[in-house]
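Student: Handing over entry.cif, mmCIF, C-alpha atoms and all ligand atoms.
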data_input
loop_
_atom_site.label_atom_id
_atom_site.label_comp_id
_atom_site.auth_asym_id
_atom_site.auth_seq_id
_atom_site.Cartn_x
_atom_site.Cartn_y
_atom_site.Cartn_z
CA LEU W 203 0.00 0.00 0.00
CA ALA W 204 1.53 3.28 -1.10
CA ASN W 205 1.49 6.30 1.14
CA SER W 206 -1.06 9.12 0.83
CA THR W 207 -4.66 7.86 0.47
CA PRO W 208 -4.13 4.16 -0.52
CA ILE W 209 -2.90 3.23 2.98
CA ARG W 210 -5.75 5.28 4.45
CA TYR W 211 -8.41 3.79 2.14
CA SER W 212 -7.29 0.33 3.20
CA GLN W 213 -8.28 1.14 6.77
CA LEU W 214 -11.87 1.73 5.66
CA PHE W 215 -12.15 -2.01 4.98
CA GLN W 216 -12.06 -5.04 7.24
CA SER W 217 -8.62 -6.60 6.90
CA ARG W 218 -8.43 -10.16 5.59
CA ASN W 219 -6.53 -12.90 7.40
CA ASP W 220 -5.45 -14.53 4.14
CA LEU W 221 -3.57 -11.42 2.96
CA ILE W 222 -0.34 -9.87 4.20
CA TYR W 223 -0.34 -6.06 4.17
CA TYR W 224 2.85 -4.06 3.77
CA SER W 225 3.51 -0.37 3.58
CA ASN W 226 6.69 1.65 3.47
CA ARG W 227 5.29 3.98 6.13
CA GLY W 228 8.45 5.75 7.35
CA THR W 229 7.68 9.45 7.30
CA SER W 230 4.83 8.95 4.79
CA GLY W 231 7.03 9.47 1.72
CA ILE W 232 5.40 8.79 -1.62
CA ASP W 233 8.82 8.07 -3.12
CA GLY W 234 10.05 4.52 -3.59
CA CYS W 235 6.71 2.78 -3.01
CA THR W 236 6.89 0.89 -6.32
CA SER W 237 10.53 -0.15 -5.84
CA THR W 238 9.77 -1.45 -2.35
CA ALA W 239 6.79 -3.48 -3.54
CA MET W 240 8.77 -4.92 -6.46
CA GLY W 241 11.60 -5.95 -4.16
CA SER W 242 9.12 -7.58 -1.81
CA ALA W 243 7.49 -9.51 -4.69
CA TYR W 244 10.89 -10.65 -5.93
CA ILE W 245 12.07 -11.92 -2.56
CA SER W 246 8.79 -13.43 -1.33
CA LYS W 247 7.74 -14.98 -4.68
CA LEU W 248 4.16 -14.41 -3.50
CA PRO W 249 1.51 -12.84 -5.71
CA THR W 250 1.96 -9.14 -4.86
CA ILE W 251 -0.29 -6.19 -5.63
CA LEU W 252 0.79 -2.59 -5.10
CA ILE W 253 -2.08 -0.11 -4.70
CA THR W 254 -0.77 3.37 -5.36
CA GLY W 255 -1.80 6.90 -6.29
CA ASP W 256 -0.89 8.54 -9.58
CA LEU W 257 1.75 10.88 -8.11
CA ALA W 258 3.39 8.13 -6.03
CA PHE W 259 3.45 5.94 -9.15
CA LEU W 260 4.94 8.69 -11.33
CA TYR W 261 7.53 9.61 -8.66
CA ASP W 262 8.97 6.11 -8.90
CA SER W 263 8.29 5.14 -12.51
CA ASN W 264 11.93 4.15 -13.00
CA ALA W 265 11.19 1.21 -10.71
CA MET W 266 9.77 -0.41 -13.88
CA TRP W 267 13.22 -0.13 -15.45
CA ASN W 268 14.61 -3.39 -14.11
CA ASN W 269 15.11 -6.93 -15.34
CA TYR W 270 13.82 -8.73 -12.28
CA ILE W 271 10.12 -7.92 -12.20
CA ASP W 272 8.30 -11.08 -11.24
CA THR W 273 5.24 -12.16 -13.18
CA ASN W 274 3.56 -12.32 -9.74
CA PHE W 275 3.70 -8.52 -9.50
CA LYS W 276 0.79 -6.21 -10.29
CA ILE W 277 0.13 -2.53 -9.74
CA ILE W 278 -3.19 -0.75 -9.32
CA VAL W 279 -2.85 3.01 -9.90
CA ILE W 280 -5.73 5.12 -8.59
CA ASN W 281 -5.49 8.06 -10.97
CA ASN W 282 -7.32 11.06 -9.55
CA SER W 283 -5.07 13.48 -11.48
CA GLY W 284 -2.83 14.66 -8.65
CA GLY W 285 -2.45 14.67 -4.88
CA ASN W 286 -6.11 14.42 -4.03
CA ILE W 287 -5.44 13.84 -0.33
CA PHE W 288 -4.98 17.57 0.11
CA THR W 289 -8.61 18.30 -0.82
CA LEU W 290 -9.70 16.19 2.14
CA ILE W 291 -8.21 18.71 4.57
CA ASP W 292 -11.11 20.73 6.02
CA THR W 293 -9.68 24.15 5.15
CA SER W 294 -8.57 23.20 1.63
CA ASP W 295 -11.30 25.39 0.04
CA GLU W 296 -9.79 28.44 1.73
CA ILE W 297 -6.32 27.99 0.26
CA SER W 298 -6.28 29.68 -3.15
CA SER W 299 -2.94 28.13 -4.08
CA ILE W 300 -4.12 24.59 -3.35
CA ASN W 301 -4.40 23.66 -6.99
CA ASN W 302 -0.91 24.49 -8.20
CA PHE W 303 1.12 23.85 -5.10
CA PHE W 304 -0.70 21.02 -3.34
CA LEU W 305 -2.72 19.06 -5.89
CA THR W 306 -0.05 19.38 -8.60
CA PRO W 307 -2.42 18.08 -11.31
CA GLN W 308 -0.75 15.88 -13.90
CA ASN W 309 -1.74 14.64 -17.32
CA VAL W 310 0.80 11.90 -17.98
CA ASN W 311 -0.23 9.13 -20.37
CA ILE W 312 0.22 6.20 -17.99
CA ASN W 313 -0.54 3.68 -20.73
CA SER W 314 2.40 4.89 -22.85
CA LEU W 315 4.68 5.02 -19.83
CA VAL W 316 3.86 1.47 -18.74
CA GLN W 317 4.17 0.09 -22.27
CA ALA W 318 7.55 1.78 -22.67
CA PHE W 319 8.82 -0.46 -19.88
CA GLY W 320 7.13 -3.57 -21.35
CA LEU W 321 4.48 -4.18 -18.70
CA SER W 322 0.89 -4.99 -19.64
CA PHE W 323 -1.63 -2.22 -19.25
CA PHE W 324 -5.32 -2.25 -18.29
CA GLN W 325 -7.57 0.71 -17.66
CA ILE W 326 -10.93 1.28 -16.01
CA SER W 327 -12.58 4.67 -16.48
CA SER W 328 -16.21 3.77 -15.80
CA GLU W 329 -18.18 1.02 -14.13
CA LYS W 330 -18.99 -0.44 -17.54
CA ASP W 331 -16.89 -3.56 -18.20
CA SER W 332 -14.95 -2.96 -14.96
CA LYS W 333 -15.53 -6.51 -13.69
CA LYS W 334 -14.21 -8.04 -16.89
CA ILE W 335 -11.17 -5.75 -16.91
CA VAL W 336 -10.35 -6.58 -13.28
CA HIS W 337 -10.71 -10.27 -14.13
CA ASP W 338 -8.40 -9.98 -17.16
CA PHE W 339 -5.88 -7.98 -15.11
CA PHE W 340 -5.64 -10.67 -12.43
CA GLN W 341 -5.50 -13.44 -15.04
CA SER W 342 -2.61 -11.81 -16.90
CA VAL W 343 0.61 -13.79 -16.56
CA LYS W 344 2.80 -10.73 -17.15
CA PRO W 345 3.66 -7.96 -14.70
CA SER W 346 0.68 -5.66 -15.21
CA VAL W 347 -0.63 -2.23 -14.34
CA LEU W 348 -4.32 -1.43 -13.89
CA GLU W 349 -5.09 2.29 -14.02
CA ILE W 350 -8.37 3.27 -12.39
CA VAL W 351 -9.31 6.75 -13.57
CA THR W 352 -11.46 8.63 -11.09
CA ASN W 353 -12.99 12.11 -11.12
CA PRO W 354 -11.06 14.16 -8.51
CA ASP W 355 -14.07 16.29 -7.55
CA ASN W 356 -16.33 13.27 -7.04
CA ASN W 357 -13.55 11.62 -5.09
CA THR W 358 -13.38 14.51 -2.63
CA THR W 359 -17.15 14.82 -2.29
CA VAL W 360 -17.75 11.12 -1.74
CA HIS W 361 -15.00 10.89 0.86
CA LYS W 362 -16.13 13.93 2.78
CA GLU W 363 -19.71 12.59 2.83
CA TYR W 364 -18.48 9.22 4.02
CA PHE W 365 -16.32 10.72 6.78
CA ASN W 366 -19.28 12.84 7.94
CA TYR W 367 -21.42 9.72 8.00
CA LEU W 368 -18.84 7.92 10.16
CA VAL W 369 -18.70 10.80 12.64
CA LEU W 370 -22.52 10.92 13.03
C1 LIG Z 401 8.73 12.17 -1.17
C2 LIG Z 401 7.49 12.92 -0.86
N1 LIG Z 401 7.22 14.10 -1.48
C3 LIG Z 401 6.09 14.78 -1.19
C4 LIG Z 401 5.21 14.30 -0.26
C5 LIG Z 401 3.98 15.09 0.09
N2 LIG Z 401 2.78 14.37 -0.33
C6 LIG Z 401 2.01 13.66 0.54
S1 LIG Z 401 0.69 12.97 -0.19
C7 LIG Z 401 1.10 13.63 -1.69
C8 LIG Z 401 0.21 13.40 -2.88
C9 LIG Z 401 0.20 11.99 -3.35
O1 LIG Z 401 -0.59 11.89 -4.50
P1 LIG Z 401 -1.07 10.49 -5.04
O2 LIG Z 401 0.04 9.51 -4.94
O3 LIG Z 401 -1.66 10.72 -6.39
O4 LIG Z 401 -2.17 10.04 -4.00
P2 LIG Z 401 -3.63 10.71 -3.70
O5 LIG Z 401 -3.44 11.66 -2.57
O6 LIG Z 401 -4.10 11.41 -4.93
O7 LIG Z 401 -4.49 9.55 -3.36
C10 LIG Z 401 2.28 14.37 -1.61
C11 LIG Z 401 2.93 15.07 -2.74
C12 LIG Z 401 5.51 13.07 0.35
N3 LIG Z 401 4.68 12.51 1.26
N4 LIG Z 401 6.64 12.39 0.05
MG MG Z 402 -3.62 11.04 -6.88
#
I need this file expressed as structure tokens, please.
Tutor:
Amino acid sequence: LANSTPIRYSQLFQSRNDLIYYSNRGTSGIDGCTSTAMGSAYISKLPTILITGDLAFLYDSNAMWNNYIDTNFKIIVINNSGGNIFTLIDTSDEISSINNFFLTPQNVNINSLVQAFGLSFFQISSEKDSKKIVHDFFQSVKPSVLEIVTNPDNNTTVHKEYFNYLVL
């Protein structure tokens, strides 16, 4: 689980006894998450899935530049076009510079990036066909990346509503 929201999202779900959860928590750095997960997959030989945000993934894209990526390794990139965690801070609406300096929106073509390194690429951008794509992603016998494209504004709204619901 990469730092920023993936590690936090994971705590919204009941943990499963048949899975082992790892995170490079440290001081919450979003750097090196992919390299760490790849190293873990290589050493453990266990099926390994990294769940990461778009910025954390892009920070460490050179992790894909190595000759030892196990076929047991998969990456799910939650692409909300930047550092969406910062919109979950209560006062984020009051900070006029939030967009440029905190969210740092990005428009990288993740498909092209992944294919440049020879990994397989899958993408979900709507609910339609999502089950089949997830199925194909897990069936793939190559190291693979699944990009889940989400709308950043919906992401913020849904999370804030959910957190309010939990507090009530
Ligand atoms: C090395 C490093 N640089 C900057 C930060 C500050 N930071 C914390 S979360 C975050 C945004 C992460 O964005 P993303 O990976 O897309 O996850 P999201 O918040 O969108 O789920 C940043 C830049 C950090 N934690 N570590
Ligand atoms: Mg993001």
Student: Check the smallest atom-to-atom distance from each of W:Ile251, W:Leu203, W:Ala239, W:Ala265 to Leu315 in chain W using only C-alpha atoms, then report the winner.
Tutor: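 Closest candidate: W:Ala265.
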Student: Pick from W:Asn281, W:Thr273, W:Thr207, W:Thr293: nearest to Ser346 in chain W, with all atoms listed in the file counted?
Tutor: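 The closest residue to Ser346 in chain W is W:Thr273.
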Student: For a quick check of understanding, using only C-alpha atoms and all ligand atoms, which of W:Tyr261, W:Tyr270, W:Phe339, W:Phe319 has the smallest distance to ligand MG 402 (chain Z)?
Tutor: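 Closest candidate: W:Tyr261.
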Student: Taking only C-alpha atoms and all ligand atoms into account, which residues are within 8 Å of ligand MG 402 (chain Z), as a list of chain:residue names?
Tutor: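 Result of the 8 Å neighbour search around ligand MG 402 (chain Z): W:Gly255, W:Asp256, W:Leu257, W:Ala258, W:Ile280, W:Asn281, W:Asn282, W:Ser283, W:Gly284, W:Gly285, W:Asn286, W:Ile287.
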Student: Find the residue from W:Ser328, W:Gln341, W:Thr289, W:Ser314 that sits nearest to His361 in chain W; use only C-alpha atoms when measuring.
Tutor: W:Thr289
Student: Given the choices W:Leu260, W:Met240, W:Leu368, W:Val360, which gets closest to ligand LIG 401 (chain Z) if the distance is worked out from all atoms listed in the file?
Tutor: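 Among the listed residues, W:Leu260 lies closest to ligand LIG 401 (chain Z).
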Student: Would you mind reading off the distance between CA of Gly228 in chain W and CA of Pro208 in chain W, one decimal, in Å?
Tutor: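 About the pair CA of Gly228 in chain W and CA of Pro208 in chain W: they are 14.9 Å apart.
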Student: Between W:Val351, W:Leu248, W:Ala243, W:Ile222, which is the closest to ligand LIG 401 (chain Z) once you count only C-alpha atoms and all ligand atoms?
Tutor: W:Val351
Student: In Å, rounded to a single decimal, give me how far CA of Asp272 in chain W is from CA of Leu321 in chain W.
Tutor: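 Answer for the CA of Leu321 in chain W to CA of Asp272 in chain W separation: 10.9 Å.
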Student: Quick one: pull the distance between CA of Leu305 in chain W and CA of Thr352 in chain W, Å, one decimal.
Tutor: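 Taking CA of Leu305 in chain W as the start and CA of Thr352 in chain W as the end point, the length is 14.6 Å.
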Student: Would you kindly return, as a list in words, each protein, DNA or RNA residue with an atom no farther than 9 Å from any atom of Ile277 in chain W, considering only C-alpha atoms and excluding same-chain residues fewer than 6 positions away?
Tutor: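 The contact residues come out as Thr236, Thr250, Ile251, Leu252, Ile253, Thr254, Pro345, Ser346, Val347, Leu348 and Glu349 of chain W.
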Student: Gly231 in chain W: which residues within 10 Å, counting all atoms listed in the file, same-chain residues fewer than 3 positions away excluded, as a CSV table (one decimal) with C-alpha atoms, in the frame of the given file?
Tutor:
chain,number,residue,atom,x,y,z
W,204,ALA,CA,1.5,3.3,-1.1
W,205,ASN,CA,1.5,6.3,1.1
W,206,SER,CA,-1.1,9.1,0.8
W,226,ASN,CA,6.7,1.6,3.5
W,227,ARG,CA,5.3,4.0,6.1
W,228,GLY,CA,8.4,5.8,7.4
W,234,GLY,CA,10.0,4.5,-3.6
W,235,CYS,CA,6.7,2.8,-3.0
W,258,ALA,CA,3.4,8.1,-6.0
